[in-house]
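Structure file final-v6.cif with mmCIF, C-alpha atoms and all ligand atoms:
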```cif
data_work
loop_
_atom_site.label_atom_id
_atom_site.label_comp_id
_atom_site.auth_asym_id
_atom_site.auth_seq_id
_atom_site.Cartn_x
_atom_site.Cartn_y
_atom_site.Cartn_z
CA MET A 1 94.54 78.90 148.63
CA THR A 2 96.95 81.53 149.98
CA VAL A 3 95.81 85.00 151.02
CA ALA A 4 97.68 86.52 148.10
CA SER A 5 96.03 84.31 145.50
CA ALA A 6 92.56 84.74 147.08
CA SER A 7 92.85 88.51 146.67
CA ARG A 8 93.73 88.18 142.99
CA GLU A 9 90.97 89.02 140.54
CA GLU A 10 89.91 86.13 138.36
CA LEU A 11 91.34 86.53 134.85
CA ALA A 12 88.87 86.80 131.96
CA ILE A 13 90.69 83.88 130.34
CA HIS A 14 89.64 81.79 133.39
CA GLY A 15 86.02 82.97 133.30
CA GLY A 16 86.31 86.28 135.21
CA SER A 17 84.95 89.54 133.82
CA PRO A 18 87.26 91.37 131.41
CA VAL A 19 88.73 94.76 132.28
CA ARG A 20 87.02 96.19 129.18
CA LYS A 21 83.77 95.31 127.44
CA THR A 22 85.14 96.12 123.97
CA LEU A 23 88.54 95.54 122.41
CA LEU A 24 91.01 98.43 122.61
CA PRO A 25 93.20 98.11 119.48
CA TYR A 26 96.98 98.56 119.69
CA GLY A 27 96.84 101.38 117.15
CA ARG A 28 94.20 103.33 115.28
CA GLN A 29 93.74 106.47 113.18
CA SER A 30 91.88 109.61 114.29
CA ILE A 31 89.80 111.25 111.55
CA ASP A 32 87.71 114.34 112.25
CA GLU A 33 85.31 116.49 110.23
CA SER A 34 88.13 118.76 108.96
CA ASP A 35 89.91 115.72 107.46
CA ILE A 36 86.70 114.62 105.73
CA GLN A 37 86.08 118.13 104.38
CA ALA A 38 89.63 118.37 103.00
CA VAL A 39 89.21 115.10 101.11
CA VAL A 40 85.77 116.08 99.81
CA GLU A 41 87.11 119.41 98.50
CA THR A 42 89.83 117.61 96.60
CA LEU A 43 87.32 115.14 95.17
CA ARG A 44 85.48 118.17 93.76
CA SER A 45 88.66 119.71 92.33
CA ASP A 46 90.40 119.20 88.98
CA TRP A 47 93.15 117.03 90.40
CA LEU A 48 92.70 113.63 91.99
CA THR A 49 96.34 112.71 91.66
CA THR A 50 99.73 114.42 91.16
CA GLY A 51 98.25 117.89 91.47
CA PRO A 52 98.75 120.86 93.78
CA LYS A 53 98.09 118.95 97.02
CA VAL A 54 101.05 116.62 96.42
CA VAL A 55 103.46 119.56 96.16
CA GLU A 56 101.87 121.34 99.13
CA PHE A 57 102.06 118.24 101.32
CA GLU A 58 105.66 117.51 100.35
CA GLU A 59 106.75 121.07 101.08
CA ALA A 60 104.90 121.08 104.40
CA VAL A 61 106.49 117.81 105.56
CA ALA A 62 109.97 118.93 104.45
CA ALA A 63 109.58 122.19 106.38
CA TRP A 64 108.19 120.39 109.42
CA VAL A 65 111.10 117.96 109.75
CA GLY A 66 113.72 120.51 108.67
CA ALA A 67 114.75 118.92 105.36
CA LYS A 68 115.25 120.71 102.03
CA ARG A 69 113.14 118.27 100.04
CA ALA A 70 110.40 115.67 100.49
CA ILE A 71 109.13 113.21 97.88
CA SER A 72 105.85 111.40 98.52
CA PHE A 73 105.10 107.74 97.71
CA SER A 74 102.13 105.42 97.71
CA SER A 75 103.44 103.67 100.88
CA GLY A 76 106.40 103.58 103.23
CA THR A 77 107.47 100.39 101.47
CA ALA A 78 107.48 102.11 98.07
CA ALA A 79 109.47 104.97 99.65
CA LEU A 80 112.03 102.47 101.00
CA HIS A 81 112.29 100.81 97.58
CA ALA A 82 112.89 104.17 95.94
CA ALA A 83 115.51 105.12 98.53
CA ALA A 84 117.32 101.80 97.95
CA PHE A 85 117.26 102.55 94.21
CA ALA A 86 118.49 106.13 94.68
CA ALA A 87 121.30 104.86 96.94
CA GLY A 88 122.47 102.86 93.92
CA LEU A 89 121.97 99.39 95.38
CA HIS A 90 122.51 96.68 92.75
CA PRO A 91 123.05 92.91 92.68
CA GLY A 92 126.30 92.13 94.52
CA ASP A 93 125.90 95.05 96.93
CA GLU A 94 125.11 94.73 100.62
CA ALA A 95 123.11 96.98 102.95
CA ILE A 96 123.23 96.65 106.73
CA THR A 97 120.07 96.90 108.81
CA SER A 98 118.41 95.82 112.04
CA PRO A 99 116.81 92.38 112.39
CA LEU A 100 114.19 93.80 114.77
CA THR A 101 111.99 95.56 112.25
CA PHE A 102 109.13 95.10 109.84
CA ALA A 103 110.21 92.95 106.89
CA ALA A 104 109.83 95.88 104.44
CA THR A 105 113.08 97.45 105.74
CA ALA A 106 115.14 94.49 104.53
CA ASN A 107 112.88 93.63 101.59
CA CYS A 108 113.67 96.94 99.86
CA VAL A 109 117.29 95.79 99.59
CA LEU A 110 116.12 92.53 97.99
CA TYR A 111 113.92 94.45 95.52
CA GLN A 112 117.16 95.90 94.14
CA GLY A 113 118.77 92.46 93.88
CA ALA A 114 121.18 93.39 96.68
CA THR A 115 121.71 91.50 99.96
CA PRO A 116 120.45 92.66 103.37
CA VAL A 117 123.00 92.03 106.12
CA PHE A 118 121.74 92.21 109.69
CA ALA A 119 123.57 93.71 112.65
CA ASP A 120 122.34 92.96 116.15
CA VAL A 121 120.59 95.56 118.32
CA VAL A 122 121.59 97.14 121.62
CA PRO A 123 119.77 95.76 124.68
CA ASP A 124 118.38 99.07 125.99
CA THR A 125 116.60 100.66 123.01
CA LEU A 126 116.58 97.60 120.70
CA ASN A 127 117.97 99.80 117.93
CA VAL A 128 120.78 98.60 115.70
CA ASP A 129 124.18 98.64 117.42
CA PRO A 130 126.71 100.92 115.63
CA GLN A 131 129.56 98.61 116.69
CA GLN A 132 127.79 95.63 115.17
CA ILE A 133 127.31 97.62 111.97
CA ALA A 134 131.04 98.47 111.92
CA SER A 135 131.96 94.79 112.25
CA ARG A 136 129.82 93.86 109.23
CA ILE A 137 131.06 96.42 106.72
CA THR A 138 132.73 94.76 103.71
CA PRO A 139 133.90 96.09 100.32
CA GLN A 140 130.39 95.19 99.06
CA THR A 141 128.57 97.35 101.61
CA LYS A 142 126.88 100.30 99.95
CA ALA A 143 124.20 101.43 102.39
CA VAL A 144 123.22 101.32 106.01
CA LEU A 145 119.58 101.33 107.09
CA PRO A 146 119.01 102.06 110.78
CA VAL A 147 115.43 101.78 112.03
CA ASP A 148 113.98 104.05 114.72
CA TYR A 149 112.34 101.19 116.59
CA ALA A 150 108.99 102.09 118.20
CA GLY A 151 109.71 105.79 117.51
CA HIS A 152 112.96 105.98 119.52
CA PRO A 153 115.68 107.25 117.14
CA ALA A 154 118.58 104.92 116.49
CA ASP A 155 122.01 106.20 117.57
CA LEU A 156 122.31 108.22 114.39
CA ASP A 157 125.57 110.16 114.82
CA PRO A 158 127.92 107.16 115.14
CA ILE A 159 126.11 105.48 112.23
CA LEU A 160 126.40 108.64 110.12
CA GLU A 161 130.08 108.82 110.99
CA LEU A 162 130.58 105.19 109.87
CA ALA A 163 128.65 105.90 106.65
CA GLU A 164 130.84 108.92 105.89
CA ARG A 165 134.08 107.07 106.69
CA HIS A 166 133.18 104.12 104.43
CA GLY A 167 131.36 106.04 101.68
CA LEU A 168 127.97 104.46 102.43
CA VAL A 169 124.53 105.95 101.93
CA MET A 170 122.55 106.17 105.16
CA ILE A 171 118.82 105.56 104.73
CA GLU A 172 116.99 105.97 108.01
CA ASP A 173 113.80 103.96 108.31
CA ALA A 174 111.78 106.43 110.38
CA CYS A 175 108.42 104.81 109.60
CA HIS A 176 107.86 104.75 113.40
CA ALA A 177 109.39 108.09 114.14
CA LEU A 178 107.72 111.11 112.54
CA GLY A 179 108.23 113.87 115.12
CA ALA A 180 111.01 112.14 117.07
CA GLU A 181 114.10 114.19 117.98
CA TYR A 182 117.72 113.08 118.13
CA ARG A 183 120.19 115.39 119.87
CA GLY A 184 117.88 118.35 119.31
CA ARG A 185 117.27 117.64 115.60
CA ARG A 186 114.04 116.30 114.18
CA VAL A 187 114.29 112.92 112.52
CA GLY A 188 114.08 113.57 108.78
CA SER A 189 116.87 116.14 108.84
CA VAL A 190 119.74 113.88 109.92
CA ALA A 191 120.29 110.99 107.47
CA GLN A 192 120.98 111.36 103.73
CA MET A 193 117.51 109.95 103.13
CA THR A 194 114.81 109.40 105.76
CA VAL A 195 111.73 107.29 105.09
CA PHE A 196 108.31 107.82 106.70
CA SER A 197 105.04 105.88 106.54
CA PHE A 198 101.51 107.29 106.71
CA HIS A 199 99.70 104.02 107.38
CA PRO A 200 96.62 104.48 109.63
CA VAL A 201 98.40 103.36 112.83
CA LYS A 202 101.06 106.06 112.38
CA HIS A 203 101.23 109.61 113.78
CA LEU A 204 99.68 111.05 110.64
CA THR A 205 97.78 109.11 108.01
CA THR A 206 96.98 109.36 104.31
CA GLY A 207 95.35 105.90 104.27
CA GLU A 208 98.42 104.36 102.68
CA GLY A 209 101.37 106.61 101.98
CA GLY A 210 105.02 107.34 102.52
CA MET A 211 107.69 110.01 102.11
CA VAL A 212 111.43 110.34 101.69
CA THR A 213 113.07 113.50 103.01
CA THR A 214 116.51 114.51 101.80
CA ASP A 215 118.73 117.56 101.35
CA ASN A 216 120.42 116.04 98.31
CA PRO A 217 119.06 117.32 94.93
CA GLN A 218 120.31 114.27 92.96
CA PHE A 219 118.59 111.84 95.30
CA ALA A 220 115.43 113.97 95.10
CA GLU A 221 115.40 113.94 91.30
CA THR A 222 115.96 110.17 91.13
CA LEU A 223 113.26 109.56 93.74
CA ARG A 224 110.73 111.66 91.79
CA ARG A 225 111.47 109.81 88.56
CA PHE A 226 111.44 106.39 90.20
CA ARG A 227 107.92 106.90 91.57
CA ASN A 228 106.64 107.91 88.13
CA HIS A 229 107.80 105.10 85.79
CA GLY A 230 111.22 106.72 85.44
CA ILE A 231 109.72 109.59 83.46
CA SER A 232 111.54 112.90 83.64
CA THR A 233 108.48 115.17 83.98
CA ASP A 234 105.06 114.65 85.56
CA ALA A 235 101.65 115.23 83.92
CA ARG A 236 101.07 118.53 85.71
CA GLN A 237 104.40 119.97 84.62
CA ARG A 238 103.62 118.99 81.02
CA GLN A 239 100.15 120.50 81.22
CA SER A 240 101.48 123.79 82.61
CA THR A 241 104.01 124.11 79.78
CA ALA A 242 101.57 122.80 77.10
CA GLN A 243 103.96 120.00 76.12
CA TRP A 244 103.26 116.38 75.28
CA TYR A 245 106.84 115.15 75.00
CA TYR A 246 108.36 113.11 77.81
CA GLU A 247 111.21 110.69 78.18
CA MET A 248 111.59 107.59 80.30
CA VAL A 249 115.12 107.74 81.64
CA LEU A 250 115.18 104.91 84.18
CA LEU A 251 113.09 101.86 85.07
CA GLY A 252 110.63 103.16 87.63
CA PHE A 253 107.22 102.25 89.02
CA ASN A 254 103.86 103.86 89.61
CA TYR A 255 104.43 104.70 93.28
CA ARG A 256 102.59 108.04 93.25
CA LEU A 257 100.57 109.32 96.18
CA THR A 258 97.24 110.87 95.16
CA ASP A 259 96.04 114.44 95.69
CA ILE A 260 93.15 112.94 97.66
CA ALA A 261 95.61 111.31 100.07
CA CYS A 262 97.78 114.44 100.28
CA ALA A 263 94.75 116.61 101.12
CA LEU A 264 94.16 114.27 104.07
CA GLY A 265 97.86 114.36 104.96
CA LEU A 266 97.94 118.17 104.98
CA GLN A 267 95.00 118.31 107.34
CA GLN A 268 96.49 115.63 109.58
CA LEU A 269 99.82 117.46 109.68
CA LYS A 270 98.10 120.39 111.40
CA LYS A 271 97.35 118.07 114.33
CA LEU A 272 100.72 116.33 114.46
CA GLU A 273 102.19 118.34 117.37
CA GLU A 274 99.06 117.75 119.43
CA ASN A 275 99.06 114.04 118.57
CA LEU A 276 102.71 113.67 119.51
CA ALA A 277 102.08 115.42 122.83
CA ARG A 278 99.24 113.03 123.50
CA ARG A 279 101.39 109.96 122.73
CA ARG A 280 104.14 111.32 124.99
CA HIS A 281 101.65 111.82 127.79
CA ILE A 282 100.39 108.23 127.43
CA ALA A 283 103.98 106.94 127.49
CA GLU A 284 104.66 108.92 130.68
CA ARG A 285 101.60 107.44 132.35
CA TYR A 286 102.62 103.93 131.35
CA ILE A 287 106.22 104.38 132.49
CA ALA A 288 105.13 105.79 135.86
CA ALA A 289 102.63 102.96 136.40
CA PHE A 290 105.06 100.20 135.43
CA ARG A 291 107.96 101.46 137.56
CA ASN A 292 106.83 99.35 140.50
CA MET A 293 104.92 96.63 138.67
CA PRO A 294 106.77 93.30 138.99
CA GLY A 295 107.29 91.39 135.77
CA VAL A 296 107.33 94.32 133.36
CA LEU A 297 110.30 96.18 131.88
CA PRO A 298 109.15 99.40 130.19
CA PRO A 299 111.05 100.70 127.12
CA ARG A 300 114.27 102.60 127.91
CA VAL A 301 114.54 106.19 126.69
CA ARG A 302 118.03 107.63 126.19
CA ASP A 303 118.76 111.15 127.42
CA ASP A 304 119.60 112.57 123.99
CA VAL A 305 116.28 111.74 122.28
CA ASN A 306 112.62 112.61 122.39
CA PRO A 307 110.77 109.56 121.03
CA ALA A 308 107.66 109.78 118.87
CA TRP A 309 106.08 106.68 120.49
CA HIS A 310 104.60 104.90 117.52
CA LEU A 311 104.60 101.75 119.65
CA PHE A 312 104.91 101.05 123.35
CA PRO A 313 106.78 97.72 123.50
CA ILE A 314 107.32 96.35 126.99
CA ARG A 315 109.49 93.37 127.80
CA LEU A 316 108.23 90.79 130.28
CA ASP A 317 110.59 89.74 133.04
CA LEU A 318 109.84 86.07 132.44
CA ASN A 319 112.05 84.97 135.38
CA ARG A 320 109.52 86.55 137.71
CA LEU A 321 106.45 85.07 136.01
CA SER A 322 105.03 81.58 135.96
CA ALA A 323 103.59 82.14 132.46
CA SER A 324 105.11 82.45 128.99
CA ARG A 325 104.84 85.54 126.78
CA GLY A 326 102.17 83.68 124.80
CA GLU A 327 100.05 83.06 127.90
CA VAL A 328 100.34 86.67 129.08
CA PHE A 329 99.46 87.81 125.55
CA GLN A 330 96.33 85.64 125.42
CA ALA A 331 95.29 86.71 128.93
CA LEU A 332 95.56 90.40 127.95
CA ARG A 333 93.62 89.84 124.72
CA THR A 334 90.85 88.18 126.70
CA GLU A 335 90.78 91.24 128.97
CA ASN A 336 90.04 93.08 125.67
CA ILE A 337 93.42 94.76 125.49
CA GLY A 338 94.58 94.62 121.86
CA VAL A 339 98.22 93.74 122.43
CA ASN A 340 100.56 92.89 119.58
CA VAL A 341 104.17 91.78 119.05
CA HIS A 342 106.76 93.85 117.17
CA TYR A 343 108.65 92.06 115.67
CA ILE A 344 109.54 88.53 114.73
CA PRO A 345 113.20 89.20 113.82
CA VAL A 346 113.31 89.42 110.01
CA HIS A 347 115.97 86.72 109.56
CA LEU A 348 113.70 84.20 111.32
CA HIS A 349 110.89 84.50 108.75
CA PRO A 350 110.67 81.37 106.57
CA TYR A 351 111.53 83.33 103.43
CA TYR A 352 114.80 84.59 104.93
CA ARG A 353 115.62 81.23 106.53
CA ASP A 354 115.11 79.44 103.20
CA ARG A 355 116.93 81.97 101.08
CA PHE A 356 119.87 82.79 103.36
CA GLY A 357 120.08 79.74 105.63
CA TYR A 358 119.44 81.50 108.94
CA LYS A 359 118.79 79.00 111.71
CA GLY A 360 118.26 81.26 114.73
CA GLY A 361 120.96 82.22 117.19
CA GLU A 362 122.67 84.65 114.80
CA TYR A 363 121.40 87.82 116.52
CA PRO A 364 121.06 86.90 120.20
CA VAL A 365 120.06 90.33 121.55
CA ALA A 366 117.21 90.77 119.06
CA GLU A 367 116.11 87.15 119.41
CA THR A 368 116.10 87.23 123.21
CA ALA A 369 114.20 90.51 123.26
CA TYR A 370 111.63 89.14 120.81
CA GLU A 371 110.81 86.25 123.18
CA SER A 372 109.57 88.68 125.82
CA LEU A 373 108.16 91.59 123.78
CA ILE A 374 104.55 92.72 123.90
CA SER A 375 103.30 96.00 122.38
CA LEU A 376 100.63 97.71 124.43
CA PRO A 377 97.97 99.94 122.83
CA MET A 378 99.49 103.31 121.85
CA PHE A 379 97.63 105.82 119.69
CA HIS A 380 96.78 109.48 120.08
CA GLY A 381 93.02 108.83 120.15
CA MET A 382 93.25 106.86 123.43
CA ASN A 383 91.51 108.60 126.32
CA GLU A 384 92.54 108.52 129.97
CA ASP A 385 90.18 105.64 130.73
CA ASP A 386 91.70 103.59 127.92
CA VAL A 387 95.17 104.15 129.38
CA GLU A 388 93.89 103.20 132.82
CA ASP A 389 92.33 100.01 131.41
CA VAL A 390 95.66 98.93 129.94
CA ILE A 391 97.51 99.58 133.21
CA ARG A 392 94.83 97.77 135.20
CA ALA A 393 94.72 94.78 132.87
CA LEU A 394 98.50 94.39 132.86
CA GLY A 395 98.60 94.63 136.67
CA LYS A 396 95.79 92.09 136.93
CA VAL A 397 97.43 89.59 134.59
CA LEU A 398 100.98 89.97 135.90
CA SER A 399 99.98 89.73 139.56
CA HIS A 400 98.15 86.51 138.70
CA TYR A 401 101.28 85.02 137.15
CA GLU A 402 103.80 86.49 139.60
CA LYS A 403 106.05 83.79 141.05
C1 LIG A 501 109.80 99.94 110.34
C2 LIG A 501 108.86 99.95 109.18
N1 LIG A 501 109.36 100.14 107.95
C3 LIG A 501 108.56 100.18 106.87
C4 LIG A 501 107.20 100.01 106.96
C5 LIG A 501 106.36 100.02 105.72
O1 LIG A 501 105.47 101.07 105.69
P1 LIG A 501 104.09 100.96 104.87
O2 LIG A 501 103.16 100.11 105.66
O3 LIG A 501 103.64 102.39 104.77
O4 LIG A 501 104.43 100.39 103.54
C6 LIG A 501 106.63 99.81 108.21
C7 LIG A 501 105.18 99.63 108.35
O5 LIG A 501 104.60 99.68 109.36
C8 LIG A 501 107.48 99.78 109.35
O6 LIG A 501 106.99 99.55 110.57
#
```
Can the structure from this file be put into structure tokens for me?
Ligand SMILES: Cc1ncc(COP(=O)(O)O)c(C=O)c1O
Amino acid sequence: MTVASASREELAIHGGSPVRKTLLPYGRQSIDESDIQAVVETLRSDWLTTGPKVVEFEEAVAAWVGAKRAISFSSGTAALHAAAFAAGLHPGDEAITSPLTFAATANCVLYQGATPVFADVVPDTLNVDPQQIASRITPQTKAVLPVDYAGHPADLDPILELAERHGLVMIEDACHALGAEYRGRRVGSVAQMTVFSFHPVKHLTTGEGGMVTTDNPQFAETLRRFRNHGISTDARQRQSTAQWYYEMVLLGFNYRLTDIACALGLQQLKKLEENLARRRHIAERYIAAFRNMPGVLPPRVRDDVNPAWHLFPIRLDLNRLSASRGEVFQALRTENIGVNVHYIPVHLHPYYRDRFGYKGGEYPVAETAYESLISLPMFHGMNEDDVEDVIRALGKVLSHYEK
């Protein structure tokens, strides 16, 4: 045994003691007494759904991101579906998006009977490459759907410019990026429609929930109808004007967010700035610690953005390690660090392979990145010891496998 290997700590996966006694998840909500009180008050009120809290929450989110309008939905996925509908996607149309995302981004195009077309990502941020988008625009292209991967905004201006030049609707999937800034503007105020998610691992939660922000009044009207069966007025509007008559004007869904959820969202919104600051602090600690740690490549941050850090995806420098991503992943899990992987590129899922004939190799930058990606725990409720545990566990595992 060499001196170097003798000084290495024994990994938990080999019988050593784990860095932590309990599992630290990769993401988790923070709920305090004020959140619980807000929900309880709404439960005691006249409105459980589509009441005053929905309007209040929508107006608060619109004001916070700097958009004229916000329309809430029962999930980020429902919000994406509605945005795809409002963009006018139909069978025969195409929409261009990133392969390195959650399947819902591309699925919303399929819901409309249209075809998702993928464009590869750039190697630094792993966001969709505007030049790759440009090369995939055809007469059938109707929309472009950049994703703010991990909370780092996509390169929005060149994509917006392409959308304007080709008459496309730009729907930004900002489900990772509430609070992120691009060239001094908050995400939510840049694209024609921006989609957010309020799932528990996000910056703000309503349990399940989503939102579309837009400045465009026609999009806003269509989005509101689409989430309510395609009906032109909601129950509260009819009650306030003492009318029973309504008309269904398009084929919509029940994608409404409840007043109960919006009461929670309003309370969570008050803590958003603080939560973002906390996530940014954790990211800074990680980046500083990993600067001189062999085998790890921390996420790159461009100068013109301020990320919201939904995720903290590192890439492993596998040339410097004697283990695969899978082995490092298992070793970290056994140290009780709840790592994850974001994402299997969408076109490699069996459904997409079977339906569109993808075989792998089509999007080399996304596919290569995927092979080495691991998401470390990142949520605003992590304390300093939690952050230290992650850094220590990664150092322990990587020094064990260092070549
Ligand atoms: C990039 C992206 N888009 C869309 C969604 C769907 O959001 P939801 O889970 O609220 O439906 C997610 C979910 O995490 C996501 O990560």
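For the pair CA of Phe118 (chain A) and CA of Arg224 (chain A), the interatomic distance is 28.6 Å.
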Could you jot down the CA of Asp32 (chain A) to atom O2 of ligand LIG 501 (chain A) separation for me, Å, one decimal place? 22.0 Å
CA of Gln267 (chain A) to CA of Ala60 (chain A), distance in Å rounded to a single decimal: 10.7 Å
Hey, which residues sit close to ligand LIG 501 (chain A)? Say within 10 Å, counting all atoms listed in the file, and write them as a count of residues only. 50
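If you count all atoms listed in the file and ignore residues fewer than 6 places along the chain from Pro99 (chain A), what sits within 9 Å of it is A:Ala106, A:Val117, A:Phe118, A:Ala119, A:Asp120, A:Val121, A:Val128, A:Tyr343, A:Ile344, A:Pro345, A:Val346, A:His347, A:Leu348, A:Tyr363, A:Ala366, A:Glu367.
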Which residues come within 12 Å of region 297-299 of chain A, counting all atoms listed in the file, excluding same-chain residues fewer than 5 positions away, as a PyMOL selection string? chain A and resi 123-127+149-152+283-292+307+309+311-320+369+372-376+394+398
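Close contacts of His400 (chain A), defined as residues with an atom at most 8 Å away when counting only C-alpha atoms, with chain neighbours fewer than 4 positions off set aside, comprise Ser5, Arg8, Glu9, Leu11 and Lys396 of chain A.
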Do you know which residues are at most 7 Å from region 13-22 of chain A counting all atoms listed in the file, after dropping those on the same chain fewer than 5 positions away, and could you put them as an mmCIF file with C-alpha atoms, in the frame of the given file?
```cif
data_model
loop_
_atom_site.group_PDB
_atom_site.id
_atom_site.type_symbol
_atom_site.label_atom_id
_atom_site.label_comp_id
_atom_site.auth_asym_id
_atom_site.auth_seq_id
_atom_site.Cartn_x
_atom_site.Cartn_y
_atom_site.Cartn_z
ATOM 1 C CA ALA A 331 95.290 86.710 128.930
ATOM 2 C CA THR A 334 90.850 88.180 126.700
ATOM 3 C CA GLU A 335 90.780 91.240 128.970
ATOM 4 C CA ASN A 336 90.040 93.080 125.670
ATOM 5 C CA ASP A 389 92.330 100.010 131.410
ATOM 6 C CA ALA A 393 94.720 94.780 132.870
#
```
Polymer residues at most 8 Å from (117.0, 109.5, 124.1) by all atoms listed in the file, as a ChimeraX atom specification: /A:152-153,182-183,301-307
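Distances here use all atoms listed in the file; by that measure, the residue among A:Ala323, A:Ile171, A:Val341, A:Ala180 closest to Ala277 (chain A) is A:Ala180.
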For region 321-325 of chain A, I'd like the enclosing box, axis-aligned and padded by 3 Å on every side, reported as JSON with centre and edge lengths in Å to one decimal.
```
{"center_x": 105.0, "center_y": 83.6, "center_z": 131.4, "size_x": 8.9, "size_y": 10.0, "size_z": 15.2}
```
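If only C-alpha atoms are the atoms counted, then among A:Tyr111, A:Phe85, A:Trp64, A:Phe253 the closest residue to Gly179 (chain A) is A:Trp64.
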Contacts of Gln131 (chain A) at 9 Å (only C-alpha atoms; same-chain gap of 3+ positions) as a PyMOL selection string: chain A and resi 119+128+134-136+158-159
Go ahead and save the picked residues with C-alpha atoms, as a compact mmCIF listing (two decimals), in the frame of the given file.
```
# COMPACT_ATOMS: atom_id res chain seq x y z
CA ALA A 119 123.57 93.71 112.65
CA VAL A 128 120.78 98.60 115.70
CA ALA A 134 131.04 98.47 111.92
CA SER A 135 131.96 94.79 112.25
CA ARG A 136 129.82 93.86 109.23
CA PRO A 158 127.92 107.16 115.14
CA ILE A 159 126.11 105.48 112.23
```
May I ask which of the residues A:His203, A:Arg355, A:Trp244, A:Arg238 is the closest one to Ile31 (chain A), counting all atoms listed in the file? A:His203
Write region 283-297 of chain A as a PDB file, in the frame of the given file, completed to N, CA and C atoms.
```
ATOM      1  N   ALA A 283     102.739 107.661 127.144  1.00  0.00           N
ATOM      2  CA  ALA A 283     103.980 106.940 127.490  1.00  0.00           C
ATOM      3  C   ALA A 283     104.406 107.274 128.925  1.00  0.00           C
ATOM      4  N   GLU A 284     104.291 108.547 129.302  1.00  0.00           N
ATOM      5  CA  GLU A 284     104.660 108.920 130.680  1.00  0.00           C
ATOM      6  C   GLU A 284     103.785 108.209 131.699  1.00  0.00           C
ATOM      7  N   ARG A 285     102.511 108.130 131.411  1.00  0.00           N
ATOM      8  CA  ARG A 285     101.600 107.440 132.350  1.00  0.00           C
ATOM      9  C   ARG A 285     101.972 105.964 132.462  1.00  0.00           C
ATOM     10  N   TYR A 286     102.232 105.346 131.319  1.00  0.00           N
ATOM     11  CA  TYR A 286     102.620 103.930 131.350  1.00  0.00           C
ATOM     12  C   TYR A 286     103.903 103.739 132.164  1.00  0.00           C
ATOM     13  N   ILE A 287     104.906 104.558 131.844  1.00  0.00           N
ATOM     14  CA  ILE A 287     106.220 104.380 132.490  1.00  0.00           C
ATOM     15  C   ILE A 287     106.085 104.554 134.006  1.00  0.00           C
ATOM     16  N   ALA A 288     105.318 105.569 134.418  1.00  0.00           N
ATOM     17  CA  ALA A 288     105.130 105.790 135.860  1.00  0.00           C
ATOM     18  C   ALA A 288     104.421 104.599 136.492  1.00  0.00           C
ATOM     19  N   ALA A 289     103.410 104.071 135.818  1.00  0.00           N
ATOM     20  CA  ALA A 289     102.630 102.960 136.400  1.00  0.00           C
ATOM     21  C   ALA A 289     103.438 101.674 136.459  1.00  0.00           C
ATOM     22  N   PHE A 290     104.357 101.486 135.503  1.00  0.00           N
ATOM     23  CA  PHE A 290     105.060 100.200 135.430  1.00  0.00           C
ATOM     24  C   PHE A 290     106.347 100.191 136.266  1.00  0.00           C
ATOM     25  N   ARG A 291     106.705 101.372 136.806  1.00  0.00           N
ATOM     26  CA  ARG A 291     107.960 101.460 137.560  1.00  0.00           C
ATOM     27  C   ARG A 291     107.981 100.434 138.697  1.00  0.00           C
ATOM     28  N   ASN A 292     106.850 100.270 139.355  1.00  0.00           N
ATOM     29  CA  ASN A 292     106.830  99.350 140.500  1.00  0.00           C
ATOM     30  C   ASN A 292     105.930  98.140 140.247  1.00  0.00           C
ATOM     31  N   MET A 293     105.765  97.797 138.975  1.00  0.00           N
ATOM     32  CA  MET A 293     104.920  96.630 138.670  1.00  0.00           C
ATOM     33  C   MET A 293     105.835  95.443 138.377  1.00  0.00           C
ATOM     34  N   PRO A 294     105.842  94.413 139.232  1.00  0.00           N
ATOM     35  CA  PRO A 294     106.770  93.300 138.990  1.00  0.00           C
ATOM     36  C   PRO A 294     106.443  92.593 137.676  1.00  0.00           C
ATOM     37  N   GLY A 295     107.489  92.181 136.990  1.00  0.00           N
ATOM     38  CA  GLY A 295     107.290  91.390 135.770  1.00  0.00           C
ATOM     39  C   GLY A 295     107.317  92.188 134.495  1.00  0.00           C
ATOM     40  N   VAL A 296     107.360  93.528 134.597  1.00  0.00           N
ATOM     41  CA  VAL A 296     107.330  94.320 133.360  1.00  0.00           C
ATOM     42  C   VAL A 296     108.542  95.246 133.294  1.00  0.00           C
ATOM     43  N   LEU A 297     109.158  95.280 132.124  1.00  0.00           N
ATOM     44  CA  LEU A 297     110.300  96.180 131.880  1.00  0.00           C
ATOM     45  C   LEU A 297     109.867  97.173 130.812  1.00  0.00           C
TER      46      LEU A 297
END
```
